[in-house]
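Novice: Below is the file target19.txt, with compact mmCIF, C-alpha atoms and all ligand atoms.
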# COMPACT_ATOMS: atom_id res chain seq x y z
CA MET A 14 141.15 190.76 73.63
CA GLU A 15 144.88 190.20 73.59
CA SER A 16 146.49 190.00 77.00
CA GLU A 17 150.03 191.29 77.62
CA THR A 18 151.46 187.95 78.72
CA ALA A 19 149.56 184.69 78.81
CA THR A 20 151.04 181.56 80.36
CA ALA A 21 150.21 177.87 80.43
CA SER A 22 151.88 174.58 81.22
CA ALA A 23 151.62 170.85 80.58
CA PRO A 24 153.04 167.82 82.39
CA GLY A 25 155.27 164.98 81.27
CA LYS A 26 153.93 161.45 81.00
CA VAL A 27 154.93 157.81 81.16
CA ILE A 28 153.39 154.82 79.50
CA LEU A 29 152.86 152.13 82.15
CA PHE A 30 151.72 149.35 79.83
CA GLY A 31 151.14 148.72 76.15
CA GLU A 32 153.59 150.87 74.14
CA HIS A 33 154.04 149.83 70.50
CA ALA A 34 151.09 147.39 70.60
CA VAL A 35 148.92 150.52 71.02
CA VAL A 36 149.92 151.59 67.49
CA TYR A 37 148.22 148.35 66.31
CA GLY A 38 144.93 148.93 68.11
CA ARG A 39 145.63 147.27 71.46
CA PRO A 40 144.95 149.15 74.72
CA ALA A 41 147.68 150.96 76.66
CA ILE A 42 147.85 152.78 79.99
CA ALA A 43 149.59 156.12 80.46
CA VAL A 44 149.76 158.54 83.37
CA PRO A 45 150.85 162.18 83.72
CA VAL A 46 154.11 162.96 85.52
CA GLN A 47 153.55 166.20 87.40
CA GLN A 48 157.15 166.61 88.66
CA VAL A 49 158.31 167.67 85.22
CA ARG A 50 156.41 170.27 83.21
CA THR A 51 156.74 172.48 80.18
CA GLN A 52 155.85 176.18 80.57
CA ALA A 53 154.87 178.42 77.69
CA ALA A 54 154.37 182.19 77.72
CA VAL A 55 152.99 184.28 74.89
CA GLU A 56 153.54 188.02 74.94
CA THR A 57 152.59 190.83 72.65
CA LEU A 58 155.36 191.99 70.34
CA GLY A 59 155.13 195.46 68.87
CA GLU A 60 156.33 194.13 65.51
CA SER A 61 154.77 192.24 62.68
CA ARG A 62 156.45 188.87 63.26
CA VAL A 63 156.43 185.89 65.60
CA GLU A 64 159.48 185.16 67.70
CA ILE A 65 160.09 181.69 69.12
CA ASP A 66 162.41 181.46 72.10
CA ALA A 67 163.30 177.96 73.35
CA PRO A 68 166.46 178.31 75.47
CA ASP A 69 166.43 174.66 76.64
CA VAL A 70 167.18 173.56 73.11
CA GLY A 71 169.36 176.63 72.50
CA ARG A 72 167.09 178.14 69.86
CA ARG A 73 165.69 181.58 69.17
CA TYR A 74 164.19 182.14 65.71
CA ASP A 75 161.42 183.66 63.67
CA LEU A 76 158.31 181.71 62.73
CA ALA A 77 158.83 182.79 59.11
CA ALA A 78 162.30 181.20 59.09
CA ALA A 79 161.26 177.89 60.69
CA ALA A 80 161.76 174.61 58.81
CA ALA A 81 158.65 173.05 57.26
CA ASP A 82 158.60 170.26 59.87
CA ASP A 83 159.44 172.44 62.89
CA PRO A 84 157.05 171.22 65.61
CA ILE A 85 156.85 174.54 67.51
CA ALA A 86 156.09 176.47 64.33
CA ALA A 87 153.50 173.83 63.45
CA ILE A 88 151.59 174.11 66.74
CA ILE A 89 151.62 177.93 66.50
CA ARG A 90 150.22 177.89 62.96
CA LEU A 91 147.64 175.19 63.72
CA THR A 92 146.43 176.90 66.87
CA CYS A 93 146.17 180.38 65.30
CA SER A 94 144.29 178.92 62.37
CA HIS A 95 141.92 177.06 64.74
CA LEU A 96 141.35 180.27 66.74
CA GLY A 97 140.90 182.31 63.57
CA VAL A 98 143.60 184.81 64.59
CA PRO A 99 146.67 186.02 62.68
CA ALA A 100 149.98 184.25 63.41
CA ASN A 101 151.64 187.62 63.90
CA GLY A 102 152.77 190.13 66.52
CA PHE A 103 153.71 187.95 69.47
CA ALA A 104 156.62 186.10 71.06
CA VAL A 105 156.43 182.55 72.38
CA HIS A 106 158.79 181.55 75.20
CA ILE A 107 159.13 177.90 76.11
CA GLN A 108 160.84 176.42 79.13
CA SER A 109 160.80 172.73 79.81
CA ALA A 110 161.98 170.48 82.61
CA ILE A 111 161.00 167.42 80.56
CA PRO A 112 164.05 165.70 79.04
CA VAL A 113 163.81 165.45 75.23
CA ALA A 114 163.46 162.08 73.42
CA ARG A 115 163.30 159.99 76.61
CA GLY A 116 159.72 158.76 76.35
CA LEU A 117 158.43 161.43 78.73
CA GLY A 118 156.29 163.18 76.17
CA SER A 119 158.30 166.37 75.85
CA GLY A 120 157.06 167.05 72.31
CA ALA A 121 153.39 166.68 73.18
CA ALA A 122 153.85 168.77 76.35
CA VAL A 123 155.38 171.63 74.32
CA SER A 124 152.44 171.48 71.89
CA VAL A 125 149.79 171.47 74.61
CA ALA A 126 151.44 174.25 76.64
CA VAL A 127 151.94 176.48 73.58
CA ALA A 128 148.39 175.93 72.26
CA ARG A 129 146.92 176.68 75.71
CA ALA A 130 149.02 179.83 76.16
CA LEU A 131 148.18 181.08 72.67
CA ALA A 132 144.45 180.63 73.26
CA ARG A 133 144.75 182.51 76.57
CA HIS A 134 146.65 185.30 74.82
CA TRP A 135 143.50 185.79 72.75
CA GLY A 136 141.23 185.51 75.81
CA ARG A 137 140.10 181.99 74.96
CA GLU A 138 140.33 178.60 76.69
CA LEU A 139 140.67 175.46 74.58
CA ALA A 140 138.88 172.26 75.67
CA ARG A 141 141.15 169.35 76.48
CA ASP A 142 139.98 167.23 73.57
CA LYS A 143 140.74 170.13 71.22
CA LEU A 144 144.21 170.56 72.74
CA ALA A 145 144.80 166.81 72.32
CA ALA A 146 143.69 166.99 68.67
CA LEU A 147 145.96 169.95 67.86
CA ALA A 148 148.94 168.26 69.53
CA PHE A 149 148.17 165.05 67.64
CA GLU A 150 148.67 166.88 64.32
CA VAL A 151 152.17 167.83 65.47
CA GLU A 152 152.93 164.31 66.79
CA LYS A 153 152.48 163.15 63.20
CA LEU A 154 155.55 165.22 62.29
CA HIS A 155 157.64 163.31 64.89
CA HIS A 156 156.64 159.93 63.55
CA GLY A 157 154.22 158.99 60.82
CA THR A 158 151.86 156.71 62.73
CA PRO A 159 151.44 157.98 66.29
CA SER A 160 148.77 156.21 68.32
CA GLY A 161 147.69 159.48 69.97
CA ILE A 162 148.40 158.31 73.52
CA ASP A 163 150.99 161.00 74.38
CA ASN A 164 148.95 164.02 73.35
CA THR A 165 145.85 162.54 75.05
CA VAL A 166 147.34 161.86 78.49
CA ILE A 167 149.17 165.19 78.48
CA ALA A 168 146.16 167.28 77.43
CA PHE A 169 143.83 165.53 79.90
CA GLU A 170 146.34 165.29 82.79
CA GLN A 171 144.81 162.12 84.20
CA PRO A 172 145.48 158.38 83.96
CA VAL A 173 144.15 157.07 80.66
CA TYR A 174 143.30 153.69 79.27
CA PHE A 175 143.83 154.40 75.63
CA VAL A 176 142.66 152.62 72.51
CA ARG A 177 143.62 154.22 69.24
CA GLY A 178 140.77 156.03 67.52
CA GLU A 179 138.40 155.61 70.47
CA PRO A 180 137.22 158.29 72.91
CA ILE A 181 139.43 158.66 75.99
CA GLN A 182 138.67 156.30 78.89
CA SER A 183 139.82 157.60 82.23
CA PHE A 184 139.80 155.31 85.25
CA ARG A 185 140.37 155.51 88.99
CA ILE A 186 143.53 154.24 90.60
CA ALA A 187 142.39 152.71 93.89
CA ARG A 188 145.78 152.77 95.68
CA PRO A 189 148.73 155.01 94.84
CA VAL A 190 151.56 153.30 92.97
CA MET A 191 155.12 154.58 93.39
CA ILE A 192 157.42 154.32 90.41
CA ALA A 193 161.03 155.30 89.85
CA ILE A 194 161.61 156.63 86.33
CA ALA A 195 165.25 156.08 85.42
CA ASP A 196 166.85 157.71 82.41
CA THR A 197 169.26 155.49 80.42
CA GLY A 198 170.87 158.71 79.13
CA ILE A 199 170.30 157.55 75.58
CA ALA A 200 168.13 159.73 73.37
CA ALA A 201 166.14 157.38 71.20
CA PRO A 202 163.73 158.93 68.70
CA THR A 203 160.39 157.10 68.83
CA LYS A 204 160.13 157.31 65.06
CA ILE A 205 162.99 154.85 64.53
CA ALA A 206 161.74 152.22 66.98
CA VAL A 207 158.19 152.51 65.63
CA GLY A 208 159.51 152.12 62.04
CA ASP A 209 161.57 149.06 62.97
CA VAL A 210 158.58 147.40 64.63
CA ARG A 211 156.52 148.16 61.54
CA ARG A 212 159.09 146.48 59.26
CA ALA A 213 159.38 143.47 61.56
CA TRP A 214 155.55 143.18 61.66
CA GLU A 215 155.44 143.31 57.85
CA GLN A 216 157.93 140.39 57.71
CA ALA A 217 156.21 138.24 60.33
CA ARG A 218 152.66 139.46 60.84
CA ALA A 219 151.20 136.45 62.65
CA HIS A 220 154.06 136.40 65.15
CA TYR A 221 153.81 140.12 65.89
CA GLU A 222 150.02 140.05 66.11
CA ARG A 223 150.37 137.38 68.81
CA ILE A 224 152.85 139.55 70.72
CA PHE A 225 150.51 142.57 70.44
CA ASP A 226 147.54 140.47 71.64
CA ALA A 227 149.53 139.36 74.69
CA VAL A 228 150.48 142.99 75.44
CA GLY A 229 146.82 144.02 75.09
CA GLU A 230 145.82 141.35 77.64
CA ILE A 231 148.46 142.69 80.03
CA ALA A 232 147.11 146.24 79.71
CA ARG A 233 143.57 145.00 80.40
CA ASP A 234 144.71 143.04 83.47
CA ALA A 235 146.78 146.00 84.68
CA ARG A 236 143.77 148.32 84.49
CA ARG A 237 141.77 145.88 86.58
CA SER A 238 144.51 145.58 89.18
CA LEU A 239 144.95 149.37 89.38
CA GLU A 240 141.19 149.89 89.72
CA GLN A 241 140.92 147.24 92.42
CA GLY A 242 144.07 148.26 94.28
CA ASP A 243 145.47 144.74 93.77
CA LEU A 244 149.07 145.83 93.51
CA ASN A 245 150.52 142.32 93.85
CA ALA A 246 149.54 141.63 90.26
CA LEU A 247 151.17 144.75 88.90
CA GLY A 248 154.88 143.87 89.19
CA PRO A 249 154.59 140.54 87.36
CA LEU A 250 152.52 142.27 84.66
CA MET A 251 155.32 144.82 84.16
CA ASN A 252 157.88 142.04 83.84
CA SER A 253 155.75 140.15 81.31
CA ASN A 254 155.28 143.36 79.31
CA GLN A 255 159.05 143.91 79.31
CA ALA A 256 159.64 140.35 78.03
CA LEU A 257 157.29 141.06 75.11
CA LEU A 258 158.95 144.41 74.35
CA ARG A 259 162.29 142.57 74.27
CA GLU A 260 160.77 140.10 71.82
CA MET A 261 159.58 143.02 69.66
CA GLY A 262 163.20 144.18 69.47
CA VAL A 263 162.82 147.54 71.19
CA SER A 264 164.83 146.88 74.35
CA SER A 265 168.59 147.53 74.54
CA PRO A 266 171.55 146.44 76.69
CA GLU A 267 171.32 149.68 78.70
CA ILE A 268 167.61 149.13 79.38
CA GLU A 269 168.22 145.52 80.40
CA LEU A 270 170.97 146.59 82.82
CA LEU A 271 168.60 148.99 84.59
CA VAL A 272 165.71 146.50 84.65
CA ASP A 273 167.95 143.79 86.16
CA ALA A 274 169.51 146.16 88.68
CA ALA A 275 166.09 147.31 89.93
CA GLU A 276 164.75 143.79 90.24
CA ARG A 277 167.83 142.44 91.98
CA VAL A 278 167.32 144.83 94.91
CA GLY A 279 163.61 144.31 95.29
CA ALA A 280 161.66 146.38 92.75
CA ARG A 281 158.30 144.65 92.30
CA GLY A 282 158.57 144.94 88.51
CA ALA A 283 160.39 146.96 85.85
CA LYS A 284 160.14 147.69 82.17
CA LEU A 285 161.08 150.20 79.53
CA SER A 286 158.58 152.99 78.95
CA GLY A 287 157.83 154.64 75.60
CA GLY A 288 159.53 153.91 72.31
CA GLY A 289 162.45 151.98 73.83
CA ARG A 290 166.03 151.48 72.57
CA GLY A 291 167.00 154.06 75.19
CA GLY A 292 164.83 156.56 77.00
CA ASN A 293 163.43 155.57 80.35
CA VAL A 294 162.96 152.49 82.46
CA ILE A 295 160.20 152.46 85.07
CA ALA A 296 160.52 150.41 88.26
CA PHE A 297 157.65 149.72 90.63
CA VAL A 298 158.86 150.55 94.16
CA ASP A 299 157.48 151.27 97.63
CA GLU A 300 158.69 153.20 100.67
CA GLY A 301 160.75 150.18 101.74
CA THR A 302 162.58 149.62 98.47
CA ARG A 303 162.66 153.10 96.98
CA GLU A 304 166.14 154.13 98.14
CA ARG A 305 167.77 150.78 97.45
CA VAL A 306 166.32 150.71 93.96
CA GLN A 307 167.38 154.30 93.27
CA GLU A 308 170.95 153.54 94.32
CA ALA A 309 171.07 150.35 92.26
CA LEU A 310 169.73 152.18 89.21
CA LEU A 311 172.37 154.90 89.54
CA ARG A 312 175.13 152.30 89.93
CA ALA A 313 173.83 150.56 86.81
CA GLY A 314 174.18 153.75 84.78
CA ALA A 315 170.95 155.74 85.21
CA ARG A 316 171.58 159.45 84.55
CA GLN A 317 168.58 160.84 86.35
CA ILE A 318 165.78 159.37 88.44
CA ILE A 319 162.34 160.81 89.07
CA VAL A 320 160.25 159.11 91.75
CA THR A 321 156.56 159.78 91.31
CA GLU A 322 153.34 158.54 92.85
CA ILE A 323 150.62 157.58 90.43
CA LYS A 324 147.15 158.21 91.77
O1 LIG B 401 158.39 157.35 73.12
P1 LIG B 401 157.07 157.89 73.53
O2 LIG B 401 156.87 157.99 74.98
O3 LIG B 401 156.60 159.05 72.76
O4 LIG B 401 156.02 156.73 73.30
C1 LIG B 401 155.77 156.18 72.10
C2 LIG B 401 154.76 155.14 72.31
C3 LIG B 401 154.63 154.22 71.12
O5 LIG B 401 153.60 153.29 71.45
C4 LIG B 401 155.92 153.47 70.88
C5 LIG B 401 154.26 154.98 69.86
C6 LIG B 401 152.85 155.55 69.88
O6 LIG B 401 152.58 156.39 69.01
O7 LIG B 401 152.03 155.15 70.70
What is this structure when it is put down as structure tokens?
Ligand code: PMV

Specialist:
Amino acid sequence: MESETATASAPGKVILFGEHAVVYGRPAIAVPVQQVRTQAAVETLGESRVEIDAPDVGRRYDLAAAAADDPIAAIIRLTCSHLGVPANGFAVHIQSAIPVARGLGSGAAVSVAVARALARHWGRELARDKLAALAFEVEKLHHGTPSGIDNTVIAFEQPVYFVRGEPIQSFRIARPVMIAIADTGIAAPTKIAVGDVRRAWEQARAHYERIFDAVGEIARDARRSLEQGDLNALGPLMNSNQALLREMGVSSPEIELLVDAAERVGARGAKLSGGGRGGNVIAFVDEGTRERVQEALLRAGARQIIVTEIK
């Protein structure tokens, strides 16, 4: 049965450890960010077409007129085909508080929210692994070789220890960890950074494999320290991960400014999160340092800061 209006939502995410190396089979850790979400609503349209309304990106258009690589059109078509229903006769409204191209998973959140809402419109509920798989197909449009970490953490809405191609491993965080997520203000498409790392790896494979191994070790150690509540180890692990990301060539002057500013006023560790080159920096803070770090980040050029507790 079609409902009149069906709604669904999906959270943002940050990668805590292991970005880029995860594309090459090493483990990475990502967590949902509940403060920012994407909402999707699907409503019956008394006409034989599909309308897409995405005011945050200033777009309102027909499915039939969408470009071949349009990610919203893609998730609508994929989901309808999976459900065995016609892609016809409804409107999809999307509203998102997740900034675009900042490493917060906005693309995957749109896919998961739209797929969920569409299924509900047809009186169905999609399992989380199915939602993750549908969103993964769309992630491939954003960049050719996604690891699958974004769509997984966003569809499952829980901390994940992710290894490409393997079933999801969730784990328990023994003590909450507070992080400040600071936006450099620079939109940096993941596709470009991932492509640059690929070219650099092709030129110097042994060197890059060693970097990826070291990042993988960090992700393994970080999981252990999160599971055991040994937060003293976490800050240094973040800093080591940032040093390796710098060596991979995906940091930037703006990122380095924010990382330094956070550390100078007492953050326990800081690193870029996601594809790099811009996007977000995450700083590990606590009640005592939170305000100081926030102020320092803003003075160093952060556009927006989200403080979230990972648990
Ligand atoms: O920029 P984001 O948050 O979508 O993260 C990309 C993470 C990478 O490891 C760089 C790429 C990937 O597919 O895992």

Novice: Using only C-alpha atoms and all ligand atoms, which of A:Ser160, A:Asn245, A:Thr302, A:Ser109 sits nearest ligand LIG 401 (chain B)?

Specialist: A:Ser160

Novice: Using 5 Å of padding on each side, determine the axis-aligned box around all atoms of ligand LIG 401 (chain B) present in the file and give its centre and edge lengths in Å to one decimal, as JSON.

Specialist:
{"center_x": 155.2, "center_y": 156.2, "center_z": 72.0, "size_x": 16.4, "size_y": 15.8, "size_z": 16.0}

Novice: Ligand LIG 401 (chain B): which residues are within 6 Å, counting only C-alpha atoms and all ligand atoms, as a VMD selection string?

Specialist: chain A and resid 32 to 33 35 to 36 116 to 118 159 to 162 203 207 287 to 288

Novice: May I ask which of the residues A:Pro112, A:Ala219, A:Arg185, A:Ala213 is the closest one to A:Gly242, counting all atoms listed in the file?

Specialist: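 That would be A:Arg185, the residue with the smallest distance to A:Gly242.
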
Novice: Quick one: distance from atom CA of A:Ala104 to atom CA of A:Phe169 in Å, one decimal?

Specialist: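 Value for the atom CA of A:Ala104-atom CA of A:Phe169 distance: 25.8 Å.
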
Novice: Quick one: pull the distance between atom CA of A:Ala168 and atom CA of A:Ile192, Å, one decimal.

Specialist: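 Calculated distance between atom CA of A:Ala168 and atom CA of A:Ile192 is 21.5 Å.
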
Novice: At a cut-off of 6 Å, using only C-alpha atoms, what residues contact A:Gln317? Leave out same-chain residues fewer than 2 positions from it and give the result as a list of chain:residue names.

Specialist: A:Ala195, A:Asp196, A:Ala315

Novice: From the set A:Asp234, A:Asp273, A:Asp209, A:Asp142, which residue has the shortest atom-to-atom contact distance to A:Ala41, counting all atoms listed in the file?

Specialist: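 For A:Ala41, the nearest of the candidates is A:Asp234.
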
Novice: Can you pull out every residue within 7 Å of A:Gly291, counting all atoms listed in the file, but drop anything in the same chain fewer than 5 positions away, and send it as a ChimeraX atom specification?

Specialist: /A:197,199-201,265,268

Novice: Would you mind telling me which residue in A:Gly178, A:Gly59, A:Gly282, A:Pro84 lies nearest to A:Gly102 when using all atoms listed in the file?

Specialist: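 With all atoms listed in the file as the atom set, the closest residue is A:Gly59.
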
Novice: When you count all atoms listed in the file, which of these residues is closest to A:Ala148: A:Gln216, A:Ile194, A:Ile85, A:Ile111?

Specialist: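 Of all the options, A:Ile85 lies closest to A:Ala148.
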
Novice: Looking at A:Phe149, A:Phe103, A:Tyr174, A:Tyr74, which one is nearest to A:Ala235, with distances taken over all atoms listed in the file?

Specialist: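 Checking each candidate against A:Ala235, we get A:Tyr174 as the closest.
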
Novice: Taking only residues of stretch 28-118 of chain A that have an atom at most 12 Å from an atom of stretch 126-139 of chain A, what is each one's shortest atom pair and its distance in Å to one decimal, using all atoms listed in the file, in chain and number order, as a tab-separated table?

Specialist:
residue	atom	partner	partner_atom	distance
A:Arg50	CA	A:Ala126	CA	9.1
A:Thr51	CA	A:Ala126	CA	6.6
A:Gln52	CA	A:Ala126	CA	6.2
A:Ala53	CA	A:Val127	CA	5.4
A:Ala54	CA	A:Ala130	CA	6.1
A:Val55	CA	A:Ala130	CA	6.1
A:Glu56	CA	A:His134	CA	7.4
A:Thr57	CA	A:His134	CA	8.4
A:Leu58	CA	A:His134	CA	11.9
A:Val63	CA	A:Leu131	CA	11.9
A:Ile65	CA	A:Val127	CA	10.7
A:Asp66	CA	A:Val127	CA	11.7
A:Ala67	CA	A:Val127	CA	11.5
A:Pro84	CA	A:Val127	CA	10.8
A:Ile85	CA	A:Val127	CA	8.0
A:Ala86	CA	A:Val127	CA	10.1
A:Ala87	CA	A:Ala128	CA	10.4
A:Ile88	CA	A:Ala128	CA	6.6
A:Ile89	CA	A:Ala128	CA	6.9
A:Arg90	CA	A:Ala128	CA	9.7
A:Leu91	CA	A:Ala128	CA	8.6
A:Thr92	CA	A:Ala128	CA	5.8
A:Cys93	CA	A:Leu131	CA	7.7
A:Ser94	CA	A:Ala132	CA	11.0
A:His95	CA	A:Ala132	CA	9.6
A:Leu96	CA	A:Ala132	CA	7.2
A:Gly97	CA	A:Trp135	CA	10.2
A:Val98	CA	A:Trp135	CA	8.2
A:Pro99	CA	A:Trp135	CA	10.6
A:Ala100	CA	A:Leu131	CA	10.0
A:Asn101	CA	A:Leu131	CA	11.5
A:Gly102	CA	A:His134	CA	11.4
A:Phe103	CA	A:His134	CA	9.2
A:Ala104	CA	A:Leu131	CA	10.0
A:Val105	CA	A:Val127	CA	7.6
A:His106	CA	A:Val127	CA	8.7
A:Ile107	CA	A:Val127	CA	7.8
A:Gln108	CA	A:Ala126	CA	10.0
A:Ser109	CA	A:Ala126	CA	10.0

Novice: As a PyMOL selection string, please: the residues near A:Ile295 (cut-off 7 Å, all atoms listed in the file, same-chain neighbours under 2 positions excluded).

Specialist: chain A and resi 192-195+283-286+293+297

Novice: Figure out the distance between atom CA of A:Val166 and atom CA of A:Glu267, please, to one decimal in Å.

Specialist: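 Calculated distance between atom CA of A:Glu267 and atom CA of A:Val166 is 26.9 Å.
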
Novice: Env of A:Val210: 8 Å cut, atoms = all atoms listed in the file, seq-sep filter 6 positions within chain, self excluded. Answer as an mmCIF file with C-alpha atoms, keeping the file's coordinate frame.

Specialist:
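Writing done, so here's part_6.cif:
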data_model
loop_
_atom_site.group_PDB
_atom_site.id
_atom_site.type_symbol
_atom_site.label_atom_id
_atom_site.label_comp_id
_atom_site.auth_asym_id
_atom_site.auth_seq_id
_atom_site.Cartn_x
_atom_site.Cartn_y
_atom_site.Cartn_z
ATOM 1 C CA HIS A 33 154.040 149.830 70.500
ATOM 2 C CA MET A 261 159.580 143.020 69.660
ATOM 3 C CA GLY A 262 163.200 144.180 69.470
ATOM 4 C CA VAL A 263 162.820 147.540 71.190
#

Novice: Could you list as a ChimeraX atom specification every residue that has an atom within 10 Å of (172.4, 154.6, 87.2), using the file's coordinates and counting all atoms listed in the file?

Specialist: /A:195-198,267,270-271,274,306-318

Novice: Do you know which residues are at most 8 Å from A:Ala43 counting only C-alpha atoms, after dropping those on the same chain fewer than 4 positions away, and could you put them as a list in words?

Specialist: Lys26, Val27, Ile28, Leu29, Phe30, Ile162, Asp163, Val166, Pro172, Val173, Tyr174 and Phe175 of chain A
